[in-house]
file query-v7.txt (compact mmCIF, C-alpha atoms)
# COMPACT_ATOMS: atom_id res chain seq x y z
CA MET A 148 -30.11 6.28 -15.22
CA VAL A 149 -26.66 5.46 -16.57
CA GLU A 150 -25.28 2.15 -15.42
CA LYS A 151 -21.74 2.11 -14.06
CA LYS A 152 -19.78 -1.10 -13.85
CA VAL A 153 -16.91 -1.26 -11.40
CA VAL A 154 -13.97 -3.59 -11.99
CA GLU A 155 -11.67 -4.09 -9.01
CA LEU A 156 -8.25 -5.64 -9.49
CA ILE A 157 -4.71 -5.85 -8.20
CA VAL A 158 -2.00 -4.73 -10.62
CA ASN A 159 1.77 -4.35 -10.46
CA GLY A 160 2.43 -0.62 -10.07
CA GLY A 161 3.14 0.99 -13.44
CA GLN A 162 3.05 -2.37 -15.24
CA ALA A 163 -0.60 -3.05 -16.10
CA ASN A 164 -1.23 -4.56 -19.53
CA ALA A 165 -4.21 -5.51 -21.67
CA GLY A 166 -3.85 -9.21 -20.82
CA PRO A 167 -5.64 -10.94 -17.95
CA PRO A 168 -7.03 -9.90 -15.55
CA LEU A 169 -7.62 -6.47 -17.11
CA GLY A 170 -8.50 -7.23 -20.74
CA PRO A 171 -11.11 -9.95 -20.10
CA ALA A 172 -12.74 -7.86 -17.35
CA LEU A 173 -12.96 -4.65 -19.42
CA GLY A 174 -13.47 -6.07 -22.93
CA PRO A 175 -17.20 -6.76 -22.56
CA LEU A 176 -17.77 -3.22 -21.24
CA GLY A 177 -16.73 -1.65 -24.55
CA VAL A 178 -14.12 0.82 -23.29
CA ASN A 179 -10.77 1.52 -24.94
CA ILE A 180 -8.62 -1.00 -23.03
CA VAL A 181 -5.35 0.64 -24.15
CA ALA A 182 -6.54 3.99 -22.75
CA VAL A 183 -7.49 2.32 -19.44
CA VAL A 184 -4.12 0.51 -19.21
CA THR A 185 -2.25 3.76 -19.97
CA LYS A 186 -4.21 5.60 -17.25
CA ILE A 187 -3.64 2.83 -14.69
CA ASN A 188 0.11 2.80 -15.40
CA GLU A 189 0.24 6.59 -15.12
CA VAL A 190 -1.48 6.68 -11.70
CA THR A 191 0.36 3.66 -10.27
CA LYS A 192 3.92 4.42 -11.44
CA GLU A 193 4.95 5.67 -7.98
CA TYR A 194 4.18 2.16 -6.68
CA ALA A 195 6.49 0.40 -9.18
CA GLY A 196 7.27 -3.14 -8.10
CA MET A 197 4.33 -3.32 -5.68
CA LYS A 198 0.89 -4.87 -5.98
CA VAL A 199 -1.65 -2.05 -6.02
CA PRO A 200 -5.45 -2.27 -5.68
CA VAL A 201 -7.18 -0.43 -8.55
CA LYS A 202 -10.85 0.31 -9.26
CA VAL A 203 -11.98 1.06 -12.80
CA SER A 204 -15.46 2.59 -12.93
CA VAL A 205 -16.93 2.31 -16.45
CA ASP A 206 -19.91 4.24 -17.82
CA THR A 207 -21.26 1.59 -20.20
CA GLU A 208 -23.49 4.02 -22.11
CA TYR A 209 -20.87 6.65 -22.93
CA LYS A 210 -17.88 4.25 -22.83
CA THR A 211 -15.99 6.49 -20.41
CA PHE A 212 -14.04 5.39 -17.36
CA GLU A 213 -12.46 6.60 -14.13
CA VAL A 214 -9.51 4.96 -12.40
CA SER A 215 -9.00 5.14 -8.64
CA VAL A 216 -5.98 3.70 -6.89
CA GLY A 217 -5.84 2.22 -3.43
CA THR A 218 -2.74 2.01 -1.28
CA PRO A 219 -0.51 -1.07 -1.36
CA THR A 220 -0.55 -3.28 1.72
CA ALA A 221 1.62 -2.35 4.69
CA SER A 222 3.80 -5.38 4.04
CA ALA A 223 4.29 -4.34 0.39
CA LEU A 224 5.34 -0.84 1.51
CA ILE A 225 7.78 -2.29 4.06
CA VAL A 226 9.27 -4.73 1.53
CA SER A 227 9.61 -1.88 -0.98
CA GLU A 228 11.26 0.39 1.60
CA LEU A 229 13.79 -2.34 2.38
CA LYS A 230 14.30 -3.12 -1.34
CA ILE A 231 13.90 -6.85 -0.72
CA GLU A 232 11.88 -9.50 -2.59
CA LYS A 233 9.57 -10.59 0.23
CA GLY A 234 9.17 -10.96 3.97
CA SER A 235 10.58 -13.81 6.04
CA GLY A 236 8.94 -17.24 5.86
CA THR A 237 9.99 -17.76 9.50
CA PRO A 238 9.74 -14.28 11.05
CA ASN A 239 10.45 -15.49 14.61
CA SER A 240 13.91 -16.74 13.72
CA VAL A 241 14.93 -15.19 10.37
CA LYS A 242 14.99 -11.41 10.03
CA VAL A 243 15.00 -9.97 6.49
CA GLY A 244 15.71 -6.31 7.18
CA ASP A 245 15.90 -3.37 9.53
CA LEU A 246 13.96 -0.11 9.22
CA SER A 247 14.55 3.25 10.87
CA MET A 248 11.79 4.94 12.88
CA GLU A 249 11.67 7.64 10.16
CA GLN A 250 10.83 4.94 7.60
CA ILE A 251 8.13 3.53 9.91
CA VAL A 252 6.58 7.00 10.26
CA ARG A 253 6.69 7.55 6.47
CA ILE A 254 4.90 4.22 5.84
CA ALA A 255 2.40 4.98 8.62
CA LYS A 256 1.53 8.31 6.98
CA ILE A 257 1.04 6.65 3.57
CA LYS A 258 -1.24 3.97 5.08
CA ALA A 259 -3.05 6.24 7.57
CA PRO A 260 -6.29 6.63 5.55
CA GLN A 261 -6.80 2.84 5.52
CA LEU A 262 -5.82 2.19 9.15
CA LEU A 263 -7.99 2.21 12.24
CA ALA A 264 -5.49 4.48 14.00
CA THR A 265 -6.55 8.04 14.77
CA ASN A 266 -3.03 9.49 14.96
CA THR A 267 0.45 8.88 13.55
CA SER A 268 1.86 7.16 16.63
CA ASP A 269 -0.97 4.60 16.65
CA ALA A 270 -0.57 4.14 12.87
CA ALA A 271 3.16 3.51 13.43
CA LYS A 272 2.30 0.83 16.01
CA GLU A 273 0.07 -0.89 13.43
CA ILE A 274 2.95 -0.82 10.91
CA LEU A 275 5.25 -2.24 13.58
CA GLY A 276 2.77 -5.10 14.00
CA THR A 277 3.21 -5.89 10.30
CA CYS A 278 7.01 -5.76 10.78
CA ILE A 279 6.65 -8.52 13.39
CA THR A 280 4.79 -10.79 10.97
CA ILE A 281 7.26 -10.42 8.09
CA GLY A 282 10.51 -10.60 10.08
CA VAL A 283 11.67 -6.97 10.09
CA THR A 284 13.46 -5.27 12.97
CA VAL A 285 13.39 -1.53 13.68
CA GLU A 286 16.66 0.18 14.53
CA GLY A 287 18.00 -3.26 15.49
CA LYS A 288 15.18 -3.96 17.93
CA ASP A 289 12.14 -6.23 18.02
CA PRO A 290 9.12 -4.19 16.82
CA ARG A 291 7.25 -5.12 20.03
CA ASP A 292 9.94 -3.30 22.04
CA VAL A 293 9.61 -0.27 19.77
CA GLN A 294 5.82 -0.28 20.32
CA GLN A 295 6.50 -0.12 24.07
CA GLU A 296 8.98 2.73 23.51
CA ILE A 297 6.29 4.64 21.56
CA ASN A 298 3.88 4.11 24.47
CA ALA A 299 6.58 5.47 26.81
CA GLY A 300 6.87 8.63 24.66
CA MET A 301 10.40 8.00 23.36
CA TYR A 302 9.50 9.00 19.78
CA ASP A 303 7.06 11.85 20.43
CA GLN A 304 9.29 14.32 18.52
CA LEU A 305 8.91 12.17 15.36
CA PHE A 306 5.13 12.21 15.52
CA GLY A 307 4.80 15.94 16.12
CA SER A 308 1.27 16.91 17.04
CA SER A 309 -0.44 13.74 15.86
call {"tool": "encode", "arguments": {"input": "query-v7.txt", "output": "structure tokens"}}
result
Amino acid sequence: MVEKKVVELIVNGGQANAGPPLGPALGPLGVNIVAVVTKINEVTKEYAGMKVPVKVSVDTEYKTFEVSVGTPTASALIVSELKIEKGSGTPNSVKVGDLSMEQIVRIAKIKAPQLLATNTSDAAKEILGTCITIGVTVEGKDPRDVQQEINAGMYDQLFGSS
């Protein structure tokens, strides 16, 4: 039975390097660290500027590896969509950006596999919850109001047959 070691880490999309935390975690496993870093950067480049969860599964006998990428957090996706540095430290009083409903739906579809929601409208409501915590409005409105509007069916055309 071949033993597989799994190393889980958070990297900046497209910017992994052989330094910590990657190098020290992979060095003892005997794999080509440069090859692993190159693969991680290749599969995370679409998440440039975001923290991305990555799993590196190493076959210690044959010195081979597989890289799997998770999805960035909802807040990281929102911050990236707004092209800002970070969310608000005081979200109740200071708003840092405004998203459109189309952007909310796009983020909801990216995050859907990791969410508890069973359809796009429920996923969008979860993303709106994150907007509340980081000080982001949606089409100029409080995200709680937009959640109520979704419940009332105002955005059904955006969700299609979800």
call {"tool": "closest_residue", "arguments": {"input": "query-v7.txt", "among": "A:Lys152, A:Pro238, A:Gly160, A:Glu249", "to": "Asp206 (chain A)", "atoms": "only C-alpha atoms"}}
result
A:Lys152
call {"tool": "closest_residue", "arguments": {"input": "query-v7.txt", "among": "A:Gly244, A:Pro290, A:Pro219, A:Pro175", "to": "Leu275 (chain A)", "atoms": "only C-alpha atoms"}}
result
A:Pro290
call {"tool": "atom_distance", "arguments": {"input": "query-v7.txt", "atom1": "CA of Val203 (chain A)", "atom2": "CA of Glu228 (chain A)"}}
result
27.3 Å
call {"tool": "closest_residue", "arguments": {"input": "query-v7.txt", "among": "A:Asn179, A:Thr185, A:Ser215, A:Ser247", "to": "Cys278 (chain A)", "atoms": "all atoms listed in the file"}}
result
A:Ser247
call {"tool": "atom_distance", "arguments": {"input": "query-v7.txt", "atom1": "CA of Ala223 (chain A)", "atom2": "CA of Gly307 (chain A)"}}
result
25.7 Å
call {"tool": "residues_around", "arguments": {"input": "query-v7.txt", "residues": "Ser268 (chain A)", "least_positions_apart": "6", "cutoff": "10 Å", "atoms": "only C-alpha atoms", "output": "PDB file with C-alpha atoms, in the frame of the given file"}}
result
ATOM      1  CA  ILE A 251       8.130   3.530   9.910  1.00  0.00           C
ATOM      2  CA  VAL A 252       6.580   7.000  10.260  1.00  0.00           C
ATOM      3  CA  ALA A 255       2.400   4.980   8.620  1.00  0.00           C
ATOM      4  CA  LYS A 256       1.530   8.310   6.980  1.00  0.00           C
ATOM      5  CA  ILE A 274       2.950  -0.820  10.910  1.00  0.00           C
ATOM      6  CA  GLN A 294       5.820  -0.280  20.320  1.00  0.00           C
ATOM      7  CA  ILE A 297       6.290   4.640  21.560  1.00  0.00           C
ATOM      8  CA  ASN A 298       3.880   4.110  24.470  1.00  0.00           C
ATOM      9  CA  GLY A 300       6.870   8.630  24.660  1.00  0.00           C
ATOM     10  CA  TYR A 302       9.500   9.000  19.780  1.00  0.00           C
ATOM     11  CA  ASP A 303       7.060  11.850  20.430  1.00  0.00           C
ATOM     12  CA  LEU A 305       8.910  12.170  15.360  1.00  0.00           C
ATOM     13  CA  PHE A 306       5.130  12.210  15.520  1.00  0.00           C
ATOM     14  CA  GLY A 307       4.800  15.940  16.120  1.00  0.00           C
ATOM     15  CA  SER A 308       1.270  16.910  17.040  1.00  0.00           C
ATOM     16  CA  SER A 309      -0.440  13.740  15.860  1.00  0.00           C
TER      17      SER A 309
END
call {"tool": "closest_residue", "arguments": {"input": "query-v7.txt", "among": "A:Ala221, A:Val184, A:Val226, A:Leu246", "to": "Gln261 (chain A)", "atoms": "all atoms listed in the file"}}
result
A:Ala221
call {"tool": "closest_residue", "arguments": {"input": "query-v7.txt", "among": "A:Val201, A:Val190, A:Ala172, A:Ile231", "to": "Leu156 (chain A)", "atoms": "only C-alpha atoms"}}
result
A:Val201
call {"tool": "atom_distance", "arguments": {"input": "query-v7.txt", "atom1": "CA of Ser222 (chain A)", "atom2": "CA of Gly166 (chain A)"}}
result
26.3 Å
call {"tool": "residues_around", "arguments": {"input": "query-v7.txt", "residues": "Lys151 (chain A)", "least_positions_apart": "6", "cutoff": "8 Å", "atoms": "only C-alpha atoms", "output": "ChimeraX atom specification"}}
result
/A:204-207
call {"tool": "residues_around", "arguments": {"input": "query-v7.txt", "residues": "Lys202 (chain A)", "least_positions_apart": "3", "cutoff": "9 Å", "atoms": "only C-alpha atoms", "output": "list in words"}}
result
Val153, Val154, Glu155, Leu156, Ile157, Glu213, Val214, Ser215, Val216 and Gly217 of chain A
call {"tool": "closest_residue", "arguments": {"input": "query-v7.txt", "among": "A:Ile180, A:Ile257, A:Ile281, A:Val241", "to": "Pro167 (chain A)", "atoms": "all atoms listed in the file"}}
result
A:Ile180
